[in-house]
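Okay, structure first, notes after.
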Amino acid sequence: MRHAILADIHANIEAFVAVLDDIAEKGDIEEIWCLGDVVGYGPDPHRCIEILRQSNHVCIAGNHDMAAIGRVETTYFNAMAANAIQWTSGQLTPNDVRYLENLPETIQKGDFTLVHGSPMEPLWEYVISTGIAIRNFTYFKTNYCLVGHSHVPAAFMKDRETGCKNVQLTPGIGLALGDSKMIINPGGVGQPRDGDPRASYAIYDDEIQMIHLYRVPYDIETTQKKIMESGLPVMLASRLEQGR
């Protein structure tokens, strides 16, 4: 079976639909694994929740998801993010709120643990270095952990000699899963931050034990126009074309 791995949709419906179309084109996907932050920053929180709910999926809570329903204080966010959270809260329907309220912080799917931030701090910690990854290996029992939050594709492998090492995760090169523990981030769908503005996601094939990363172009200008028209911070529009 194959599973699509998504993170950080961030209410960007153009990016999300482009990714879903790409998934459909590749075909034979059993289930979507969503790693949180369905909402926040972007102009279409309701539509993104609505379309996600129409798919066969599992989803975990992200910090923006929880802030949008009042489970997390916006004092933990910078001013731009807090502004977007306040706006997002006003766009959610009662059904949207109930959906977000029921999202767990952690899910186990086979040999994978799914979290938004890190297994040690599911909502907040960014796994962006080998030092952070090392201390997190003891916080999940499965061989592999899938994370989001940083919006940057990355993979870290437990290593006997160094404790942890970076592993290449790039389009066109499959990531083979072995016996070593790994923490893997598929990058961001709705707001990539690795300098590539294309939406990022991954597919896991359990028959060959491989993860492949994919980048998908989408209509950035339409998303930017919606952000500007909604009154959200201007930088949330400009950063999309920079992938930052």
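Labels used: A, B, ... for chains in the order of the structure tokens, numbers from 1 for residues in each chain, and numbers from 1 for ligands as shown.
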Excluding stretch 100-109 of chain A and residues on its chain fewer than 6 positions from it, collect all residues at most 8 Å away from it, counting only C-alpha atoms, and give them as a list in words.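 Near neighbours after the sequence-gap exclusion: Cys59, Ile60, Ala61, Gly62, Asp65, Met66, Ile69, Val115, His116, Pro119, Pro122 and Leu123 of chain A.
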Take the residues from that selection and write them out as a PDB file, in the first residue's frame, keeping C-alpha atoms.
```pdb
ATOM      1  CA  CYS A  59      -4.791  14.012  10.905  1.00  0.00           C
ATOM      2  CA  ILE A  60      -3.019  15.227  14.019  1.00  0.00           C
ATOM      3  CA  ALA A  61      -3.152  18.598  15.753  1.00  0.00           C
ATOM      4  CA  GLY A  62      -0.801  21.418  14.851  1.00  0.00           C
ATOM      5  CA  ASP A  65      -5.003  24.357  14.586  1.00  0.00           C
ATOM      6  CA  MET A  66      -5.155  24.459  18.371  1.00  0.00           C
ATOM      7  CA  ILE A  69      -9.947  27.114  18.489  1.00  0.00           C
ATOM      8  CA  VAL A 115       3.322  14.238  15.305  1.00  0.00           C
ATOM      9  CA  HIS A 116       3.359  17.874  14.251  1.00  0.00           C
ATOM     10  CA  PRO A 119       7.670  13.348  19.652  1.00  0.00           C
ATOM     11  CA  PRO A 122       4.202  17.462  19.686  1.00  0.00           C
ATOM     12  CA  LEU A 123       2.909  20.997  19.167  1.00  0.00           C
TER      13      LEU A 123
END
```
Fill in: Selection near stretch 223-232 of chain A, 7 Å with only C-alpha atoms, sequence-local residues under 6 positions removed, as a list of chain:residue names
A:Asn12, A:Glu14, A:Gly42, A:Pro43, A:Ala84
Write the selection just made, keeping C-alpha atoms, as an mmCIF file, in the first residue's frame?
```cif
data_model
loop_
_atom_site.group_PDB
_atom_site.id
_atom_site.type_symbol
_atom_site.label_atom_id
_atom_site.label_comp_id
_atom_site.auth_asym_id
_atom_site.auth_seq_id
_atom_site.Cartn_x
_atom_site.Cartn_y
_atom_site.Cartn_z
ATOM 1 C CA ASN A 12 -3.737 27.435 1.164
ATOM 2 C CA GLU A 14 -4.587 26.307 -4.265
ATOM 3 C CA GLY A 42 -3.682 31.257 4.574
ATOM 4 C CA PRO A 43 -7.040 32.601 3.313
ATOM 5 C CA ALA A 84 -3.688 35.391 11.195
#
```
Check which residues of stretch 7-100 of chain A sit at most 8 Å from stretch 127-149 of chain A using only C-alpha atoms, and return one row each with the closest pair of atoms and their distance in Å to one decimal, ordered by chain and rising number, as a Markdown table.
```
| residue | atom | partner | partner_atom | distance |
| --- | --- | --- | --- | --- |
| A:Ala7 | CA | A:Gly148 | CA | 5.4 |
| A:Asp8 | CA | A:His149 | CA | 6.7 |
| A:Leu35 | CA | A:Gly148 | CA | 5.9 |
| A:Gly36 | CA | A:Gly148 | CA | 7.3 |
| A:Asp37 | CA | A:His149 | CA | 7.8 |
| A:Gly62 | CA | A:His149 | CA | 7.7 |
```
Residues near A:Cys48, cut-off 8 Å, only C-alpha atoms, skip fewer than 3 positions along chain, as JSON, numbers by chain: {"A": [9, 11, 12, 13, 16, 38, 39, 44, 45, 51, 52]}
Next on the checklist: According to DSSP computed on the backbone, where in stretch 51-225 of chain A is there alpha helix (DSSP H)? Give the residues as a PyMOL selection string.
Outcome noted: chain A and resi 51-53+63-68+79-89+94-101+130-136+220-225
Would you mind writing down, as a ChimeraX atom specification, each residue of stretch 50-229 of chain A that DSSP on the backbone assigns to strand (DSSP E)?
/A:57-59,107-109,112-114,144-146,153-159,163-166,175-176,182-186,199-205,210-216
Given the selection you just returned, output its residues as a file containing C-alpha atoms, formatted as a PDB file, in the first residue's frame.
```pdb
ATOM      1  CA  HIS A  57      -7.219  10.387   5.997  1.00  0.00           C
ATOM      2  CA  VAL A  58      -5.888  10.669   9.498  1.00  0.00           C
ATOM      3  CA  CYS A  59      -4.791  14.012  10.905  1.00  0.00           C
ATOM      4  CA  ILE A 107      -1.109   8.916  16.112  1.00  0.00           C
ATOM      5  CA  GLN A 108       0.631   5.609  15.459  1.00  0.00           C
ATOM      6  CA  LYS A 109       0.197   4.076  12.020  1.00  0.00           C
ATOM      7  CA  PHE A 112       5.233   5.221  12.100  1.00  0.00           C
ATOM      8  CA  THR A 113       4.549   7.744  14.838  1.00  0.00           C
ATOM      9  CA  LEU A 114       2.863  10.900  13.519  1.00  0.00           C
ATOM     10  CA  TYR A 144      10.006   5.970  12.218  1.00  0.00           C
ATOM     11  CA  CYS A 145       8.521   9.297  13.207  1.00  0.00           C
ATOM     12  CA  LEU A 146       6.885  11.733  10.772  1.00  0.00           C
ATOM     13  CA  PRO A 153      11.895  18.630   3.942  1.00  0.00           C
ATOM     14  CA  ALA A 154      14.395  16.763   6.102  1.00  0.00           C
ATOM     15  CA  ALA A 155      15.359  13.340   7.396  1.00  0.00           C
ATOM     16  CA  PHE A 156      17.456  12.319  10.392  1.00  0.00           C
ATOM     17  CA  MET A 157      18.728   8.804  11.046  1.00  0.00           C
ATOM     18  CA  LYS A 158      19.934   7.330  14.325  1.00  0.00           C
ATOM     19  CA  ASP A 159      23.592   6.450  13.922  1.00  0.00           C
ATOM     20  CA  GLY A 163      24.299   9.491  17.395  1.00  0.00           C
ATOM     21  CA  CYS A 164      22.447  10.991  14.439  1.00  0.00           C
ATOM     22  CA  LYS A 165      23.089  12.004  10.853  1.00  0.00           C
ATOM     23  CA  ASN A 166      21.254  13.936   8.162  1.00  0.00           C
ATOM     24  CA  LEU A 175      14.575   7.418   0.821  1.00  0.00           C
ATOM     25  CA  ALA A 176      15.042   3.768   1.778  1.00  0.00           C
ATOM     26  CA  MET A 182      14.420   7.895  11.545  1.00  0.00           C
ATOM     27  CA  ILE A 183      12.621  11.227  11.859  1.00  0.00           C
ATOM     28  CA  ILE A 184      11.235  12.432   8.520  1.00  0.00           C
ATOM     29  CA  ASN A 185       9.665  15.747   7.486  1.00  0.00           C
ATOM     30  CA  PRO A 186       7.847  15.964   4.106  1.00  0.00           C
ATOM     31  CA  ALA A 199       4.158  22.690  -2.513  1.00  0.00           C
ATOM     32  CA  SER A 200       5.967  19.781  -0.866  1.00  0.00           C
ATOM     33  CA  TYR A 201       4.684  16.348   0.143  1.00  0.00           C
ATOM     34  CA  ALA A 202       5.783  12.697   0.212  1.00  0.00           C
ATOM     35  CA  ILE A 203       4.496   9.219  -0.600  1.00  0.00           C
ATOM     36  CA  TYR A 204       5.377   6.134   1.436  1.00  0.00           C
ATOM     37  CA  ASP A 205       5.293   2.749  -0.318  1.00  0.00           C
ATOM     38  CA  MET A 210      10.605   3.752   0.363  1.00  0.00           C
ATOM     39  CA  ILE A 211       9.568   7.362   0.783  1.00  0.00           C
ATOM     40  CA  HIS A 212       9.604   9.685  -2.224  1.00  0.00           C
ATOM     41  CA  LEU A 213       9.431  13.476  -1.970  1.00  0.00           C
ATOM     42  CA  TYR A 214       7.468  15.481  -4.544  1.00  0.00           C
ATOM     43  CA  ARG A 215       7.249  19.204  -5.364  1.00  0.00           C
ATOM     44  CA  VAL A 216       4.144  20.585  -7.040  1.00  0.00           C
TER      45      VAL A 216
END
```
* Asked: Near A:Ser89, counting only C-alpha atoms, which residues have an atom at most 8 Å away, once you skip same-chain residues fewer than 3 positions from it, shown as a PyMOL selection string?
  -> chain A and resi 68-69+85-86+92
Residues near A:Ala81, cut-off 10 Å, only C-alpha atoms, skip fewer than 3 positions along chain, as a list in words |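 In the requested form, the answer reads Gly40, Tyr41, His64, Thr74, Thr75, Tyr76, Phe77, Asn78, Ala84, Ile85, Gln86, Trp87, Leu232, Pro233 and Leu236 of chain A.
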Print the selection's residues with C-alpha atoms to a file, as a JSON list (two decimals), in the first residue's frame.
```
[["chain", "number", "residue", "atom", "x", "y", "z"],
["A", 40, "GLY", "CA", -3.36, 29.38, 9.93],
["A", 41, "TYR", "CA", -1.63, 31.97, 7.71],
["A", 64, "HIS", "CA", -2.05, 26.76, 14.59],
["A", 74, "THR", "CA", -1.71, 33.42, 20.78],
["A", 75, "THR", "CA", 0.89, 34.97, 23.08],
["A", 76, "TYR", "CA", 3.12, 32.07, 21.95],
["A", 77, "PHE", "CA", 3.00, 33.38, 18.36],
["A", 78, "ASN", "CA", 4.68, 36.33, 16.68],
["A", 84, "ALA", "CA", -3.69, 35.39, 11.19],
["A", 85, "ILE", "CA", -4.95, 33.14, 14.00],
["A", 86, "GLN", "CA", -7.47, 35.75, 15.11],
["A", 87, "TRP", "CA", -8.72, 36.13, 11.54],
["A", 232, "LEU", "CA", -4.21, 39.27, 6.41],
["A", 233, "PRO", "CA", -0.60, 40.53, 6.82],
["A", 236, "LEU", "CA", 2.03, 36.19, 4.24]]
```
